[in-house]
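Okay, structure first, notes after.
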Protein chains: 2
Amino acid sequence: MVTSNKKQPQSNIFLATCTSRQVLHLIADQWTALVIYALEGGTKRFSQLLTQIDGISKKMLSQTLRDMERNGLVQRVVYPVVPPRVEYSLTTLGQTLIEPITALRIWAEEHLDEVKEARVKHDQTEHISVQEQVASLVQQREQH
Amino acid sequence: MVTSNKKQPQSNIFLATCTSRQVLHLIADQWTALVIYALEGGTKRFSQLLTQIDGISKKMLSQTLRDMERNGLVQRVVYPVVPPRVEYSLTTLGQTLIEPITALRIWAEEHLDEVKEARVKHDQTEHISVQEQVASLVQQREQH
DNA sequence: CGGAATCCTTTTGGATACTG
DNA sequence: CAGTATCCAAAAGGATTCCG
């Protein structure tokens with residue numbers, strides 16, 4: 001199970017300085033994954049995305065798209081018309097994200113019920129703190 | 001390309017009320033994915049996780065673990081000893097997340113260079129606003 | 001050791017108004 | 001239409017202290 005020599009010293013994802021960890025954070029926000037889903041079907045306009053992605057604000061969409069463009073995930077094309085028309089599409093790099101992100105969506109859909117059930121169960125249960133657990137258990141041991 | 005009838009009315013992931021979208025958000029935070037990676041190797045203690053996951057604070061780790069436990073992803077076992085010993089491990093449900101999350105990590109590692117390059121290129125480029133682009137292009141059209 | 005509780009700063013994000 | 005700018009409220013998160 002010992003892997004061969006790593007190419008880079010920063011390949012330990014647990015290090016804060018690890019680049020792939022930073023890249024991971026690109027997608028770990030509320031909206032990026034949804035934008036990728038939305039653009040999977042092809043080019044979309046700003047207003048289309050705004051409508052399709054329920055709950056996102058103008059500000060957040062704009063910000064998310066800007067970041068994604070900066071990271072090379074989406075391409076923005078501005079048409080010189082009035083009123084302005086701006087179209088967004090996935091770059092080749094962005095398209096490579098569809099697969100892993102879809103895997104996550106499928107996981108969510110498949111295990112949604114289990115998560116919901118776990119949550120209900122957890123919320124129904126009385127939860128004593130770790131201190132209390134330890135304290136009471138230690139006391140039991142001392143008594144016998 | 002028309003998909004067959006969906007089972008649930010909430011199966012549109014773009015809706016804010018969509019449950020799978022909410023489930024997606026479970027993982028879309030800074031730390032959950034890293035905790036799953038860390039627990040992939042087996043049971044770990046709180047302090048081990050704190051050490052292994054560089055940059056996480058006690059508070060964040062505690063919070064993340066609590067949420068994950070609530071969602072049925074991790075199991076917590078408290079040992080009645082002083083000082084207390086608490087061990088965390090992935091549940092069966094949590095283990096099913098390893099695969100899709102690993103896919104994301106692999107993506108990050110494979111495309112890290114492209115993202116970095118895109119970022120450098122983007123930051124080197126002068127960016128005029130959409131308004132300016134439209135304005136100047138419209139002006140060009142009017143002149144000829 | 002494994003937290004919970006408190007305080008306090010930073011960040012996030014919504015609402016609104018404005019622009020070409 | 002597709003944003004940007006500003007203001008403001010809420011949330012996130014670090015540091016510290018305390019606890020069994």
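Quick note on naming: the chains in the structure tokens go A, B, ... in the order shown, residues restart at 1 in each chain, and ligands are numbered from 1 in order of appearance.
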Could the residues of chain B that have an atom at most 8 Å from chain C be listed as JSON lines, each with its closest atom pair and the distance in Å to one decimal, counting only C-alpha atoms (C1' of nucleotides) and ordered by chain and ascending residue number?
```
{"residue": "B:Phe46", "atom": "CA", "partner": "C:DG2", "partner_atom": "C1'", "distance": 7.1}
{"residue": "B:Ser47", "atom": "CA", "partner": "C:DC1", "partner_atom": "C1'", "distance": 7.9}
{"residue": "B:Ser62", "atom": "CA", "partner": "C:DG3", "partner_atom": "C1'", "distance": 7.6}
{"residue": "B:Val82", "atom": "CA", "partner": "C:DC1", "partner_atom": "C1'", "distance": 8.0}
{"residue": "B:Pro83", "atom": "CA", "partner": "C:DC1", "partner_atom": "C1'", "distance": 5.2}
{"residue": "B:Pro84", "atom": "CA", "partner": "C:DC1", "partner_atom": "C1'", "distance": 5.3}
{"residue": "B:Arg85", "atom": "CA", "partner": "C:DC1", "partner_atom": "C1'", "distance": 6.5}
{"residue": "B:Val86", "atom": "CA", "partner": "C:DG2", "partner_atom": "C1'", "distance": 7.2}
{"residue": "B:Gln131", "atom": "CA", "partner": "C:DG20", "partner_atom": "C1'", "distance": 5.4}
{"residue": "B:Glu132", "atom": "CA", "partner": "C:DG20", "partner_atom": "C1'", "distance": 7.5}
{"residue": "B:Val134", "atom": "CA", "partner": "C:DG20", "partner_atom": "C1'", "distance": 7.9}
{"residue": "B:Ala135", "atom": "CA", "partner": "C:DG20", "partner_atom": "C1'", "distance": 6.6}
```
At most 9 Å is the cut-off: for each residue in chain D with any atom that close to an atom of chain B, write down the nearest atom pair and the distance in Å rounded to one decimal, counting only C-alpha atoms (C1' of nucleotides), chain first then increasing number, as JSON lines.
```
{"residue": "D:DA2", "atom": "C1'", "partner": "B:Val130", "partner_atom": "CA", "distance": 7.6}
{"residue": "D:DG3", "atom": "C1'", "partner": "B:Val130", "partner_atom": "CA", "distance": 7.2}
{"residue": "D:DG13", "atom": "C1'", "partner": "B:Met60", "partner_atom": "CA", "distance": 7.7}
{"residue": "D:DG14", "atom": "C1'", "partner": "B:Ser57", "partner_atom": "CA", "distance": 7.9}
```
Just the selected residues (C-alpha atoms (C1' of nucleotides)), exported as a PDB file, in the first residue's frame, please.
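Saved as result.pdb:
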```
ATOM      1  C1'  DA D   2     -25.804  42.506 -17.786  1.00  0.00           C
ATOM      2  C1'  DG D   3     -23.685  43.938 -14.836  1.00  0.00           C
ATOM      3  C1'  DG D  13     -14.726  31.469  11.982  1.00  0.00           C
ATOM      4  C1'  DG D  14     -10.441  32.438  15.036  1.00  0.00           C
TER       5       DG D  14
END
```
Determine, for each residue of chain B having at least one atom at most 6 Å from an atom of chain A, the closest pair of atoms and their separation in Å to one decimal, counting only C-alpha atoms; order by chain and ascending number, as a Markdown table.
```
| residue | atom | partner | partner_atom | distance |
| --- | --- | --- | --- | --- |
| B:Phe14 | CA | A:Ile53 | CA | 4.9 |
| B:Leu15 | CA | A:Asp54 | CA | 5.1 |
| B:Ala16 | CA | A:Asp54 | CA | 5.5 |
| B:Ser20 | CA | A:Ala108 | CA | 5.2 |
| B:Val23 | CA | A:Ala108 | CA | 5.7 |
| B:Leu24 | CA | A:Ala108 | CA | 6.0 |
| B:Ala28 | CA | A:Ala28 | CA | 4.4 |
| B:Asp29 | CA | A:Ala28 | CA | 5.6 |
| B:Ile53 | CA | A:Phe14 | CA | 5.0 |
| B:Asp54 | CA | A:Leu15 | CA | 5.1 |
| B:Gly55 | CA | A:Ala16 | CA | 5.9 |
| B:Arg70 | CA | A:Arg119 | CA | 5.4 |
| B:Asn71 | CA | A:Arg119 | CA | 5.2 |
| B:Gly72 | CA | A:Ala118 | CA | 5.1 |
| B:Pro80 | CA | A:Val134 | CA | 4.8 |
| B:Pro100 | CA | A:Ala103 | CA | 5.5 |
| B:Ala103 | CA | A:Pro100 | CA | 5.5 |
| B:Leu104 | CA | A:Pro100 | CA | 5.6 |
| B:Ala108 | CA | A:Ser20 | CA | 5.2 |
| B:Glu109 | CA | A:Ser20 | CA | 5.3 |
| B:Val115 | CA | A:Asn71 | CA | 5.3 |
| B:Ala118 | CA | A:Gly72 | CA | 5.1 |
| B:Arg119 | CA | A:Asn71 | CA | 5.2 |
| B:His122 | CA | A:Arg70 | CA | 5.7 |
| B:Val134 | CA | A:Pro80 | CA | 4.8 |
| B:Leu137 | CA | A:Pro80 | CA | 5.4 |
| B:Val138 | CA | A:Pro80 | CA | 5.7 |
```
Suppose we keep C-alpha atoms; can you now write the selection as an mmCIF file, in the first residue's frame?
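Saved result, out03.cif, follows:
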```cif
data_model
loop_
_atom_site.group_PDB
_atom_site.id
_atom_site.type_symbol
_atom_site.label_atom_id
_atom_site.label_comp_id
_atom_site.auth_asym_id
_atom_site.auth_seq_id
_atom_site.Cartn_x
_atom_site.Cartn_y
_atom_site.Cartn_z
ATOM 1 C CA PHE B 14 -31.876 23.811 -9.789
ATOM 2 C CA LEU B 15 -34.757 24.328 -7.398
ATOM 3 C CA ALA B 16 -33.772 25.609 -3.989
ATOM 4 C CA SER B 20 -30.560 16.442 -3.491
ATOM 5 C CA VAL B 23 -27.643 17.059 0.285
ATOM 6 C CA LEU B 24 -25.002 18.330 -2.109
ATOM 7 C CA ALA B 28 -19.705 21.709 -0.317
ATOM 8 C CA ASP B 29 -17.899 23.155 2.644
ATOM 9 C CA ILE B 53 -5.806 18.205 8.609
ATOM 10 C CA ASP B 54 -3.542 21.182 8.455
ATOM 11 C CA GLY B 55 -5.182 24.518 9.081
ATOM 12 C CA ARG B 70 -25.917 14.135 12.243
ATOM 13 C CA ASN B 71 -26.028 13.343 8.552
ATOM 14 C CA GLY B 72 -25.029 9.763 9.178
ATOM 15 C CA PRO B 80 -14.883 5.994 29.496
ATOM 16 C CA PRO B 100 -17.184 10.349 -5.799
ATOM 17 C CA ALA B 103 -12.922 11.451 -8.230
ATOM 18 C CA LEU B 104 -12.920 15.138 -7.404
ATOM 19 C CA ALA B 108 -7.974 18.517 -8.928
ATOM 20 C CA GLU B 109 -4.608 16.833 -9.128
ATOM 21 C CA VAL B 115 -6.156 25.974 -13.497
ATOM 22 C CA ALA B 118 -5.583 29.954 -16.572
ATOM 23 C CA ARG B 119 -5.354 32.045 -13.453
ATOM 24 C CA HIS B 122 -6.321 35.898 -16.586
ATOM 25 C CA VAL B 134 -20.297 46.961 -25.618
ATOM 26 C CA LEU B 137 -17.966 47.981 -30.165
ATOM 27 C CA VAL B 138 -21.242 49.737 -30.767
#
```
Alpha helix (DSSP H) positions in region 58-93 of chain A, given as a ChimeraX atom specification: /A:58-70,92-93
Computed interatomic separation between CA of Thr43 (chain A) and CA of Asn12 (chain B) (Å): 19.2 Å
Fit chain A to chain B, all Cα atoms paired in order, least squares. Then write it as a tab-separated table (two decimals) with C-alpha atoms, in the first residue's frame.
```tsv
chain	number	residue	atom	x	y	z
A	1	MET	CA	-32.66	12.94	-24.76
A	2	VAL	CA	-35.99	13.26	-22.99
A	3	THR	CA	-35.70	11.41	-19.73
A	4	SER	CA	-38.45	9.21	-18.44
A	5	ASN	CA	-40.88	10.53	-15.86
A	6	LYS	CA	-39.13	11.62	-12.71
A	7	LYS	CA	-40.27	10.01	-9.51
A	8	GLN	CA	-40.27	13.15	-7.45
A	9	PRO	CA	-41.35	16.67	-8.27
A	10	GLN	CA	-38.28	17.95	-6.45
A	11	SER	CA	-35.80	16.15	-8.65
A	12	ASN	CA	-34.84	19.36	-10.44
A	13	ILE	CA	-31.53	20.19	-8.87
A	14	PHE	CA	-31.85	23.82	-9.83
A	15	LEU	CA	-34.73	24.34	-7.44
A	16	ALA	CA	-33.74	25.66	-4.06
A	17	THR	CA	-36.18	23.23	-2.49
A	18	CYS	CA	-34.63	20.26	-4.24
A	19	THR	CA	-33.47	17.82	-1.62
A	20	SER	CA	-30.53	16.48	-3.53
A	21	ARG	CA	-29.29	20.00	-3.91
A	22	GLN	CA	-29.42	20.36	-0.17
A	23	VAL	CA	-27.61	17.09	0.23
A	24	LEU	CA	-24.97	18.36	-2.17
A	25	HIS	CA	-24.35	21.27	0.12
A	26	LEU	CA	-23.33	18.87	2.84
A	27	ILE	CA	-20.08	18.30	1.12
A	28	ALA	CA	-19.67	21.74	-0.35
A	29	ASP	CA	-17.87	23.18	2.61
A	30	GLN	CA	-14.21	23.60	3.27
A	31	TRP	CA	-13.63	20.63	5.50
A	32	THR	CA	-16.05	17.75	5.03
A	33	ALA	CA	-14.22	16.32	2.04
A	34	LEU	CA	-10.92	16.45	3.88
A	35	VAL	CA	-12.35	14.70	6.90
A	36	ILE	CA	-13.61	11.94	4.67
A	37	TYR	CA	-10.18	11.55	3.15
A	38	ALA	CA	-8.65	11.45	6.60
A	39	LEU	CA	-11.07	8.80	7.81
A	40	GLU	CA	-10.71	6.76	4.69
A	41	GLY	CA	-7.69	5.11	6.27
A	42	GLY	CA	-9.74	3.99	9.23
A	43	THR	CA	-10.72	5.11	12.68
A	44	LYS	CA	-9.08	8.25	13.99
A	45	ARG	CA	-9.13	10.19	17.20
A	46	PHE	CA	-10.11	13.82	17.44
A	47	SER	CA	-6.56	14.94	18.05
A	48	GLN	CA	-5.28	12.87	15.17
A	49	LEU	CA	-7.66	14.56	12.80
A	50	LEU	CA	-6.72	17.92	14.22
A	51	THR	CA	-3.07	17.20	13.52
A	52	GLN	CA	-3.53	15.60	10.15
A	53	ILE	CA	-5.81	18.21	8.64
A	54	ASP	CA	-3.53	21.18	8.48
A	55	GLY	CA	-5.16	24.51	9.10
A	56	ILE	CA	-8.39	23.34	10.69
A	57	SER	CA	-9.24	24.72	14.10
A	58	LYS	CA	-10.66	22.82	17.02
A	59	LYS	CA	-13.91	24.64	16.55
A	60	MET	CA	-14.25	23.86	12.88
A	61	LEU	CA	-13.30	20.22	13.28
A	62	SER	CA	-15.76	19.78	16.10
A	63	GLN	CA	-18.48	21.47	14.12
A	64	THR	CA	-17.77	19.54	10.95
A	65	LEU	CA	-17.75	16.24	12.77
A	66	ARG	CA	-21.00	17.06	14.51
A	67	ASP	CA	-22.70	17.84	11.21
A	68	MET	CA	-21.30	14.75	9.57
A	69	GLU	CA	-22.52	12.63	12.45
A	70	ARG	CA	-25.95	14.17	12.17
A	71	ASN	CA	-26.04	13.39	8.48
A	72	GLY	CA	-25.05	9.81	9.11
A	73	LEU	CA	-21.62	10.06	7.54
A	74	VAL	CA	-19.46	9.42	10.59
A	75	GLN	CA	-19.81	7.47	13.77
A	76	ARG	CA	-18.51	8.65	17.11
A	77	VAL	CA	-17.48	6.34	19.89
A	78	VAL	CA	-16.69	7.62	23.35
A	79	TYR	CA	-14.52	5.55	25.67
A	80	PRO	CA	-15.04	5.89	29.39
A	81	VAL	CA	-11.46	6.64	30.30
A	82	VAL	CA	-9.65	9.60	31.75
A	83	PRO	CA	-8.55	11.50	29.82
A	84	PRO	CA	-11.44	10.89	27.44
A	85	ARG	CA	-10.85	9.05	24.21
A	86	VAL	CA	-13.17	9.64	21.29
A	87	GLU	CA	-12.87	7.84	18.01
A	88	TYR	CA	-14.38	8.71	14.68
A	89	SER	CA	-14.96	6.49	11.71
A	90	LEU	CA	-16.92	6.53	8.50
A	91	THR	CA	-20.30	4.86	8.51
A	92	THR	CA	-21.33	2.64	5.64
A	93	LEU	CA	-23.06	5.64	4.16
A	94	GLY	CA	-19.96	7.76	4.62
A	95	GLN	CA	-17.85	5.19	2.85
A	96	THR	CA	-20.01	5.44	-0.24
A	97	LEU	CA	-18.86	9.03	-0.51
A	98	ILE	CA	-15.21	8.07	-0.86
A	99	GLU	CA	-15.50	7.23	-4.51
A	100	PRO	CA	-17.15	10.40	-5.85
A	101	ILE	CA	-15.03	12.59	-3.62
A	102	THR	CA	-11.87	10.85	-4.70
A	103	ALA	CA	-12.88	11.49	-8.28
A	104	LEU	CA	-12.89	15.16	-7.45
A	105	ARG	CA	-9.48	14.98	-5.83
A	106	ILE	CA	-8.06	13.22	-8.82
A	107	TRP	CA	-9.55	15.86	-11.07
A	108	ALA	CA	-7.93	18.54	-8.95
A	109	GLU	CA	-4.56	16.85	-9.12
A	110	GLU	CA	-4.76	16.23	-12.84
A	111	HIS	CA	-5.93	19.69	-13.83
A	112	LEU	CA	-4.15	21.71	-11.22
A	113	ASP	CA	-1.61	23.02	-13.68
A	114	GLU	CA	-4.23	24.09	-16.17
A	115	VAL	CA	-6.09	25.99	-13.49
A	116	LYS	CA	-2.94	27.69	-12.31
A	117	GLU	CA	-2.02	28.63	-15.83
A	118	ALA	CA	-5.47	29.98	-16.57
A	119	ARG	CA	-5.28	32.06	-13.45
A	120	VAL	CA	-1.91	33.55	-14.34
A	121	LYS	CA	-3.06	34.35	-17.84
A	122	HIS	CA	-6.23	35.92	-16.59
A	123	ASP	CA	-4.45	38.04	-14.04
A	124	GLN	CA	-1.94	39.24	-16.61
A	125	THR	CA	-4.62	40.35	-19.03
A	126	GLU	CA	-6.21	43.75	-18.93
A	127	HIS	CA	-9.91	43.38	-18.36
A	128	ILE	CA	-12.28	46.02	-19.55
A	129	SER	CA	-15.79	45.89	-18.26
A	130	VAL	CA	-18.72	44.64	-20.25
A	131	GLN	CA	-20.09	48.16	-20.53
A	132	GLU	CA	-16.88	49.39	-22.02
A	133	GLN	CA	-16.72	46.52	-24.45
A	134	VAL	CA	-20.24	47.08	-25.64
A	135	ALA	CA	-19.88	50.83	-25.77
A	136	SER	CA	-16.72	50.79	-27.84
A	137	LEU	CA	-17.96	48.14	-30.20
A	138	VAL	CA	-21.24	49.91	-30.76
A	139	GLN	CA	-19.35	53.08	-31.45
A	140	GLN	CA	-17.23	51.34	-34.07
A	141	ARG	CA	-20.35	50.14	-35.84
A	142	GLU	CA	-21.88	53.58	-35.82
A	143	GLN	CA	-18.82	55.15	-37.32
A	144	HIS	CA	-18.51	53.11	-40.50
```
Test item, strand (DSSP E) assignment across region 42-127 of chain B, answer as an MDAnalysis selection string: chainID B and resid 44:45 74:79 85:90
Okay, now the selection with N, CA, C and O atoms, as a short mmCIF file (atom, residue, chain, number, x, y, z; two decimals), in the first residue's frame?
```cif
data_model
loop_
_atom_site.label_atom_id
_atom_site.label_comp_id
_atom_site.auth_asym_id
_atom_site.auth_seq_id
_atom_site.Cartn_x
_atom_site.Cartn_y
_atom_site.Cartn_z
N LYS B 44 -9.99 7.26 13.51
CA LYS B 44 -9.03 8.26 13.99
C LYS B 44 -9.58 8.97 15.23
O LYS B 44 -10.79 9.11 15.37
N ARG B 45 -8.68 9.42 16.04
CA ARG B 45 -9.08 10.21 17.20
C ARG B 45 -9.20 11.67 16.83
O ARG B 45 -8.66 12.11 15.82
N VAL B 74 -20.45 9.90 9.72
CA VAL B 74 -19.43 9.38 10.64
C VAL B 74 -20.06 8.87 11.92
O VAL B 74 -21.17 9.26 12.30
N GLN B 75 -19.33 7.99 12.57
CA GLN B 75 -19.76 7.44 13.83
C GLN B 75 -18.77 7.86 14.92
O GLN B 75 -17.57 7.87 14.70
N ARG B 76 -19.31 8.18 16.06
CA ARG B 76 -18.46 8.63 17.16
C ARG B 76 -18.55 7.63 18.31
O ARG B 76 -19.64 7.24 18.72
N VAL B 77 -17.40 7.25 18.82
CA VAL B 77 -17.38 6.34 19.95
C VAL B 77 -16.59 6.97 21.09
O VAL B 77 -15.45 7.39 20.91
N VAL B 78 -17.22 7.03 22.24
CA VAL B 78 -16.59 7.63 23.41
C VAL B 78 -16.14 6.55 24.37
O VAL B 78 -16.93 5.67 24.73
N TYR B 79 -14.89 6.60 24.79
CA TYR B 79 -14.39 5.63 25.75
C TYR B 79 -14.33 6.24 27.14
O TYR B 79 -13.86 7.36 27.30
N ARG B 85 -11.24 9.57 25.53
CA ARG B 85 -10.76 9.13 24.24
C ARG B 85 -11.97 8.98 23.34
O ARG B 85 -12.90 8.24 23.65
N VAL B 86 -11.95 9.71 22.24
CA VAL B 86 -13.09 9.68 21.32
C VAL B 86 -12.60 9.30 19.94
O VAL B 86 -11.64 9.89 19.45
N GLU B 87 -13.24 8.32 19.35
CA GLU B 87 -12.80 7.86 18.03
C GLU B 87 -13.86 8.06 16.98
O GLU B 87 -15.05 7.81 17.23
N TYR B 88 -13.42 8.47 15.82
CA TYR B 88 -14.33 8.70 14.71
C TYR B 88 -14.03 7.74 13.57
O TYR B 88 -12.88 7.46 13.28
N SER B 89 -15.10 7.30 12.94
CA SER B 89 -14.92 6.45 11.76
C SER B 89 -16.06 6.71 10.79
O SER B 89 -17.12 7.23 11.16
N LEU B 90 -15.84 6.34 9.55
CA LEU B 90 -16.89 6.50 8.55
C LEU B 90 -17.95 5.43 8.74
O LEU B 90 -17.64 4.27 9.02
#
```
